[in-house]
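Chemist: Attaching a single structure in structure tokens format; questions to follow.
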Amino acid sequence: QEFRIRGRLHMDSFFGLSDAEEFSNGFNNRRARLGAGGTINDKWDGRIELDFADESLSANDFRLRGKFGESGRLWIGQFKVPQGLNQLTSSNEITFIERSSISNIIAPARRMGVAFEQGFGDAGFKTMVFGRALGERGIFQTDEDGYHNNMPLGIALRGFYGAPVGEGVFHVGASVVYEDFNDNNGLRLRDRPEARDSRGGAVRLIDVSLPNAENTTKFGLELLFISGAFSIEGEYMQMGVSNVDMDDASFSGYHVQTSYVLTGESRSYSSGAVGGIRPANESGAWEIAARYSVMDLNDDIYLGGKQSTITFALNHYVTNRLRFMANVIYVDIDRGDYDKSPLLGVLRAQYNF
Amino acid sequence: QEFRIRGRLHMDSFFGLSDAEEFSNGFNNRRARLGAGGTINDKWDGRIELDFADESLSANDFRLRGKFGESGRLWIGQFKVPQGLNQLTSSNEITFIERSSISNIIAPARRMGVAFEQGFGDAGFKTMVFGRALGERGIFQTDEDGYHNNMPLGIALRGFYGAPVGEGVFHVGASVVYEDFNDNNGLRLRDRPEARDSRGGAVRLIDVSLPNAENTTKFGLELLFISGAFSIEGEYMQMGVSNVDMDDASFSGYHVQTSYVLTGESRSYSSGAVGGIRPANESGAWEIAARYSVMDLNDDIYLGGKQSTITFALNHYVTNRLRFMANVIYVDIDRGDYDKSPLLGVLRAQYNF
Amino acid sequence: QEFRIRGRLHMDSFFGLSDAEEFSNGFNNRRARLGAGGTINDKWDGRIELDFADESLSANDFRLRGKFGESGRLWIGQFKVPQGLNQLTSSNEITFIERSSISNIIAPARRMGVAFEQGFGDAGFKTMVFGRALGERGIFQTDEDGYHNNMPLGIALRGFYGAPVGEGVFHVGASVVYEDFNDNNGLRLRDRPEARDSRGGAVRLIDVSLPNAENTTKFGLELLFISGAFSIEGEYMQMGVSNVDMDDASFSGYHVQTSYVLTGESRSYSSGAVGGIRPANESGAWEIAARYSVMDLNDDIYLGGKQSTITFALNHYVTNRLRFMANVIYVDIDRGDYDKSPLLGVLRAQYNF
């Protein structure tokens, strides 16, 4: 039995470069995590990890995991719902400072539940039954008799195939998530422009509320090709919302991103998951990357706005646990009479242990 | 000098089986603790442990402890006031998912203070002078001059004798706790029906407020018999409340519980404290248990309700640090016109490190 | 790569000895810190440390640090702004239970930013560009267009020379800090009487608000002489406040303190920083100390009060990581019609790991 301390620190500086009067320039602490992880016996392992970013407390992975059979695993507790390649990539390893908006708005991120995953050579799947998230004790609504309802309940399935191609990999994945809100209606979809200002990211330019949401159905498609120092990744996600006494809604988005490691290292990949870059030399690794990302929250009477961003990135990996990042983000918004096109800059220093 | 990380994770699922419309079905994170413990030199040791259950922060043990003489120990900081065998048993080792209501309502649990304990062979005692709990900076009332009062101050004494009987033990213990509120009046006694729903246990069926409480006196009696795989435990507790300008109040309750380890292991016991079960085989240990628990908050004009519960339990110990638990709880309430008899089910997965 | 857990626990008891009706007697948890620190590679190291004193969460050091050249270091994240010898001494090593009021009111303590330090033999300097503190996302004001401003921005410089004198050291240091509030006006200066009561230190006897502060300029002077078991230390600090549409303000204060280690050990000193006492024998070390401290928040129309204190201290070091402390503090206040002279007593047990 062996548990050890684990954590990460992500410190940012934000600069509004143009058309960015809403944003507050300055420092931001994006993540500060402390926790523990380790093995309980040769079959079971556990992890507890908390985030104290900028002094506010939130729970991340709170889980127990056990091996079942040759290549099966059972998960119990809070962890990420299996949907979205970018969402499922660790924040220590994502190519850009922030994930694409579809990953934040559509993919459900962490929930409490039970999951089972099974590998079959280069392919595999993971399925999960999930409820509310940690800290969401307050979401329960009262029904007509004054009783509080049961928690929302969802089911997720993600499958992938990662074919070896030369010294690289070609990955295709798909996911579907259905969630019934159990009369705990009230859904708000919104995101920041893939950058957070010094107020912790107070500016969100797309935002829609659906007060009578009954259930959602979400689809995701993933494509990834890694060949040596080069990689290209694309994701498309769509969600449908069933509303009580109102029209149904449908929102979708996608991102396409490409990266090239100037020093030649290759992005790691294993069992449907993207990892990081391990510098080959003591002088570290350098990477350039670009992303085009679209999230459309406009649908008929629902006018949440459509956001398109172009991001350019320069990453310096000192070790595989310490890196410096620079992003420039050009943001275009199609929403009502909003007519600005902010140009934003973010710097990051991050390490994990 | 050697400190190491320590923690625990207790993840629950709650199901209202019958007559349970007030309760919200779903997952709950009962405990998620992180901390550190270790030795400072060959005489002194320390511990800091926090609970982040469902993202809410609370302080548990914050203490320094030193050896004095042959078998004496001095405690400084926050730790459990010595009262109640079930209350003093670690939440990692209690037989049922929740402690009995007398343990939650009458025994004072953790407070800041100074304690001294002394062993005499199979017997021993612990005495403590205690004040407020961590996080209770807000309890201080203002007096007639507008000044804030001093903190409540109490004194506790618990003695025990654990006689070896064959390969088992016969334990008898008694405790008394007196607390003066120092004009910080206002006492509320309440508990959940020995089960917590997905809203973190929002439903409490017994509840009484005593706004003019001046001091309390609490008595506890403990009996425990362990013989091989079999154990039986009983506790009785009584508290008297002196009120300003109102009648005094008296509340009492008890629990009786028995457990049998199907795989033959014996519950551990040491120096007045109950420990856990260490599976003898790789296939783990299985235990069945039953408890009858009564807490009476009715006394004359104080009508907090009387709660009686019957709990059946099935526990599977994978290792001595990982177990799965199932409880079914039948609840009977004698309070005003409350005429339901809820039947509740709770499942737990827990580990500690 | 090696990170290990770190932390500290400081538990206090407060007693109002005379003229102290405002204060609440009882226990207080002054600090309870948990975190991790360690090296990332041979050049970079990191630290994350949180304080959970009395169940309230605050962020301390959140930083990354790298070696540059022979004796230069770059700091990124949140850490202490370089100003004030007493402020820069670890709370594990300060001679008295609380720092002097100038250290709390004038020196800026921890902020997010970037710093560079360089040593030159017995001398050295550290300079820092700093912004808001962690947890201060809420300080941003709105301007006339309804936009939130940028964070405050400051610059600090501290230099020192520590001349070896016999087996001791003579240290002289000076610092200057300029901070522009970027229209986030509103400055409140206040402190406790170098003692905290059981409500977490709710009583502050000097207090001034400057709602239109535009920028501050702060100066600090440090003198320290250590010779064997004896040490004497003095600091003077002054701050000027520029206000919008109001008179400028100027506040200043100082402290002089002396300590003598009865068991003969010497206070440690290294590169401009004061360390602790490591007992030479198993029976530990004993130290006596006295301090005179003045903080004047009266200036023309600004009547925050002038506080003078005399503190006597007795410290017992069990090891260099565990000590017991006793302070008696005599407080004199010159403010309006406040005519009390409180005499306060504080006991502390503390350890760190």
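Lettering and numbering for the structure tokens are positional, with chains as A, B, ... in the shown order, residues counted from 1 in each chain, and ligands counted from 1 in the shown order.
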Based on only C-alpha atoms, which of the residues in chain A come within 6 Å of chain C? I want them as a list of chain:residue names.

Modeler: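 So the contacting residues turn out to be A:Glu22, A:Ser24, A:Asn25, A:Gly26, A:Asp54, A:Glu55, A:Arg199.
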
Chemist: Mind listing the strand (DSSP E or B) residues of segment 59-269 of chain C, per DSSP on the backbone, as a ChimeraX atom specification?

Modeler: /C:59-68,72-80,110-120,123-130,142,148,153-165,168-180,187-191,206-210,213-227,230-243,249-261,269

Chemist: Can you tell me which residues surround Pro211 of chain A at a distance of at most 8 Å, considering only C-alpha atoms, apart from same-chain residues fewer than 5 positions away, and format the answer as a list in words?

Modeler: Asn185, Gly186, Leu187 and Arg188 of chain A

Chemist: Using only C-alpha atoms, determine which residues lie at most 10 Å from Gln257 of chain B, disregarding the query and same-chain residues fewer than 2 positions distant; provide the list as a VMD selection string.

Modeler: chain B and resid 95 to 96 100 224 231 to 235 255 259 289 to 293 310 to 312

Chemist: Need the shell around segment 246-249 of chain A: protein/DNA/RNA residues with any atom at most 9 Å away, counting only C-alpha atoms. Skip same-chain ones fewer than 4 positions apart. Format as a list in words?

Modeler: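 Counting only the stated atoms, we get Leu210, Asn212, Ala213, Met239, Gly240, Val241, Ser242, Asp299, Asp300, Ile301 and Tyr302 of chain A.
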
Chemist: Quick one: everything within 10 Å of segment 332-343 of chain A, counting only C-alpha atoms, minus sequence neighbours fewer than 2 positions away in the same chain. Send it as a ChimeraX atom specification.

Modeler: /A:15-23,193,205-207,294-298,303-311,328-330,345

Chemist: For the residues in that selection, give me N, CA and C atoms as a PDB file, in the first residue's frame.

Modeler:
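Final output, saved to result-v7.pdb:
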```
ATOM      1  N   PHE A  15      -3.393  39.485 -21.046  1.00  0.00           N
ATOM      2  CA  PHE A  15      -3.282  40.817 -21.644  1.00  0.00           C
ATOM      3  C   PHE A  15      -4.341  40.969 -22.734  1.00  0.00           C
ATOM      4  N   GLY A  16      -5.191  41.953 -22.610  1.00  0.00           N
ATOM      5  CA  GLY A  16      -6.099  42.284 -23.711  1.00  0.00           C
ATOM      6  C   GLY A  16      -5.309  43.073 -24.741  1.00  0.00           C
ATOM      7  N   LEU A  17      -5.154  42.536 -25.934  1.00  0.00           N
ATOM      8  CA  LEU A  17      -4.276  43.168 -26.930  1.00  0.00           C
ATOM      9  C   LEU A  17      -5.035  44.180 -27.773  1.00  0.00           C
ATOM     10  N   SER A  18      -6.318  43.913 -28.023  1.00  0.00           N
ATOM     11  CA  SER A  18      -7.090  44.810 -28.877  1.00  0.00           C
ATOM     12  C   SER A  18      -8.569  44.515 -28.667  1.00  0.00           C
ATOM     13  N   ASP A  19      -9.407  45.556 -28.658  1.00  0.00           N
ATOM     14  CA  ASP A  19     -10.865  45.398 -28.549  1.00  0.00           C
ATOM     15  C   ASP A  19     -11.257  44.645 -27.276  1.00  0.00           C
ATOM     16  N   ALA A  20     -10.512  44.848 -26.201  1.00  0.00           N
ATOM     17  CA  ALA A  20     -10.671  43.971 -25.040  1.00  0.00           C
ATOM     18  C   ALA A  20     -10.953  44.758 -23.766  1.00  0.00           C
ATOM     19  N   GLU A  21     -11.784  45.816 -23.875  1.00  0.00           N
ATOM     20  CA  GLU A  21     -12.036  46.662 -22.708  1.00  0.00           C
ATOM     21  C   GLU A  21     -12.766  45.921 -21.585  1.00  0.00           C
ATOM     22  N   GLU A  22     -13.547  44.895 -21.897  1.00  0.00           N
ATOM     23  CA  GLU A  22     -14.274  44.170 -20.830  1.00  0.00           C
ATOM     24  C   GLU A  22     -13.334  43.382 -19.945  1.00  0.00           C
ATOM     25  N   PHE A  23     -12.156  43.066 -20.462  1.00  0.00           N
ATOM     26  CA  PHE A  23     -11.260  42.147 -19.751  1.00  0.00           C
ATOM     27  C   PHE A  23     -10.351  42.898 -18.790  1.00  0.00           C
ATOM     28  N   PRO A 193     -13.990  33.054 -23.825  1.00  0.00           N
ATOM     29  CA  PRO A 193     -13.414  32.995 -25.183  1.00  0.00           C
ATOM     30  C   PRO A 193     -12.075  32.258 -25.207  1.00  0.00           C
ATOM     31  N   LEU A 205     -18.666  35.520 -23.547  1.00  0.00           N
ATOM     32  CA  LEU A 205     -19.313  36.227 -24.657  1.00  0.00           C
ATOM     33  C   LEU A 205     -20.433  35.419 -25.287  1.00  0.00           C
ATOM     34  N   ILE A 206     -20.506  34.125 -24.994  1.00  0.00           N
ATOM     35  CA  ILE A 206     -21.649  33.314 -25.444  1.00  0.00           C
ATOM     36  C   ILE A 206     -22.295  32.698 -24.211  1.00  0.00           C
ATOM     37  N   ASP A 207     -23.638  32.670 -24.209  1.00  0.00           N
ATOM     38  CA  ASP A 207     -24.346  32.341 -22.967  1.00  0.00           C
ATOM     39  C   ASP A 207     -25.822  32.128 -23.298  1.00  0.00           C
ATOM     40  N   VAL A 294     -15.009  26.536 -33.086  1.00  0.00           N
ATOM     41  CA  VAL A 294     -16.330  27.152 -33.271  1.00  0.00           C
ATOM     42  C   VAL A 294     -17.306  26.549 -32.265  1.00  0.00           C
ATOM     43  N   MET A 295     -18.084  27.411 -31.594  1.00  0.00           N
ATOM     44  CA  MET A 295     -19.179  26.938 -30.738  1.00  0.00           C
ATOM     45  C   MET A 295     -20.403  27.778 -31.055  1.00  0.00           C
ATOM     46  N   ASP A 296     -21.467  27.119 -31.508  1.00  0.00           N
ATOM     47  CA  ASP A 296     -22.670  27.830 -31.945  1.00  0.00           C
ATOM     48  C   ASP A 296     -23.799  27.599 -30.950  1.00  0.00           C
ATOM     49  N   LEU A 297     -24.105  28.647 -30.151  1.00  0.00           N
ATOM     50  CA  LEU A 297     -25.228  28.571 -29.203  1.00  0.00           C
ATOM     51  C   LEU A 297     -26.459  29.306 -29.726  1.00  0.00           C
ATOM     52  N   ASN A 298     -26.495  29.576 -31.052  1.00  0.00           N
ATOM     53  CA  ASN A 298     -27.703  30.117 -31.659  1.00  0.00           C
ATOM     54  C   ASN A 298     -28.529  28.976 -32.240  1.00  0.00           C
ATOM     55  N   LEU A 303     -30.758  32.388 -28.524  1.00  0.00           N
ATOM     56  CA  LEU A 303     -29.730  33.213 -29.144  1.00  0.00           C
ATOM     57  C   LEU A 303     -28.549  33.400 -28.183  1.00  0.00           C
ATOM     58  N   GLY A 304     -27.837  32.343 -27.964  1.00  0.00           N
ATOM     59  CA  GLY A 304     -26.704  32.378 -27.041  1.00  0.00           C
ATOM     60  C   GLY A 304     -25.440  32.931 -27.673  1.00  0.00           C
ATOM     61  N   GLY A 305     -25.422  33.013 -29.001  1.00  0.00           N
ATOM     62  CA  GLY A 305     -24.243  33.521 -29.685  1.00  0.00           C
ATOM     63  C   GLY A 305     -23.400  32.419 -30.288  1.00  0.00           C
ATOM     64  N   LYS A 306     -22.694  32.800 -31.351  1.00  0.00           N
ATOM     65  CA  LYS A 306     -21.764  31.879 -32.003  1.00  0.00           C
ATOM     66  C   LYS A 306     -20.358  32.439 -31.861  1.00  0.00           C
ATOM     67  N   GLN A 307     -19.466  31.650 -31.357  1.00  0.00           N
ATOM     68  CA  GLN A 307     -18.092  32.090 -31.126  1.00  0.00           C
ATOM     69  C   GLN A 307     -17.136  31.317 -32.028  1.00  0.00           C
ATOM     70  N   SER A 308     -16.299  32.048 -32.730  1.00  0.00           N
ATOM     71  CA  SER A 308     -15.233  31.423 -33.532  1.00  0.00           C
ATOM     72  C   SER A 308     -13.910  32.002 -33.061  1.00  0.00           C
ATOM     73  N   THR A 309     -12.944  31.155 -32.826  1.00  0.00           N
ATOM     74  CA  THR A 309     -11.637  31.652 -32.386  1.00  0.00           C
ATOM     75  C   THR A 309     -10.530  31.035 -33.228  1.00  0.00           C
ATOM     76  N   ILE A 310      -9.464  31.818 -33.369  1.00  0.00           N
ATOM     77  CA  ILE A 310      -8.221  31.304 -33.948  1.00  0.00           C
ATOM     78  C   ILE A 310      -7.136  31.516 -32.909  1.00  0.00           C
ATOM     79  N   THR A 311      -6.442  30.450 -32.531  1.00  0.00           N
ATOM     80  CA  THR A 311      -5.407  30.538 -31.501  1.00  0.00           C
ATOM     81  C   THR A 311      -4.067  30.081 -32.055  1.00  0.00           C
ATOM     82  N   VAL A 328      -1.938  33.463 -28.388  1.00  0.00           N
ATOM     83  CA  VAL A 328      -2.641  34.648 -28.875  1.00  0.00           C
ATOM     84  C   VAL A 328      -3.949  34.148 -29.454  1.00  0.00           C
ATOM     85  N   ILE A 329      -5.086  34.771 -29.002  1.00  0.00           N
ATOM     86  CA  ILE A 329      -6.405  34.294 -29.391  1.00  0.00           C
ATOM     87  C   ILE A 329      -7.173  35.427 -30.068  1.00  0.00           C
ATOM     88  N   TYR A 330      -7.616  35.167 -31.295  1.00  0.00           N
ATOM     89  CA  TYR A 330      -8.485  36.105 -31.999  1.00  0.00           C
ATOM     90  C   TYR A 330      -9.900  35.577 -31.898  1.00  0.00           C
ATOM     91  N   GLY A 345      -4.072  37.902 -25.277  1.00  0.00           N
ATOM     92  CA  GLY A 345      -2.803  37.200 -25.085  1.00  0.00           C
ATOM     93  C   GLY A 345      -2.751  36.594 -23.685  1.00  0.00           C
TER      94      GLY A 345
END
```

Chemist: Which one of B:Thr319, B:Thr127, B:Ser252, B:Ser268 sits closest to Ile105 of chain B if you count only C-alpha atoms?

Modeler: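 That would be B:Ser252, the residue with the smallest distance to Ile105 of chain B.
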
Chemist: I want to know what sits within 10 Å of Arg196 of chain C, based on only C-alpha atoms, with residues of the same chain fewer than 2 positions away left out; could you give that as a PyMOL selection string?

Modeler: chain C and resi 12-15+23-25+27-30+97-98+192-194+198-204+344-346

Chemist: Measure the distance from atom CA of Ser227 of chain B to atom CA of Ala163 of chain B in Å and round it to one decimal.

Modeler: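 Distance reported for this atom pair: 11.9 Å.
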
Chemist: Please measure the separation of atom CA of Phe353 of chain B and atom CA of Asn86 of chain B, giving the value in Å to one decimal.

Modeler: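 Computed distance, atom CA of Phe353 of chain B to atom CA of Asn86 of chain B, equals 21.4 Å.
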
Chemist: So what do you get for atom CA of Arg348 of chain A versus atom CA of Lys43 of chain C, distance-wise?

Modeler: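 Going from atom CA of Arg348 of chain A over to atom CA of Lys43 of chain C covers 18.5 Å.
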
Chemist: Extract the full set of helix (DSSP H, G or I) residues from segment 69-150 of chain B according to DSSP on the backbone, and format it as a ChimeraX atom specification.

Modeler: /B:85-88,101-105,137-139

Chemist: Using only C-alpha atoms, can you tell me which of A:Leu189, A:Val261, A:Glu179, A:Val274 comes closest to Phe225 of chain A?

Modeler: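 Comparing A:Leu189, A:Val261, A:Glu179, A:Val274 against Phe225 of chain A, the winner is A:Val274.
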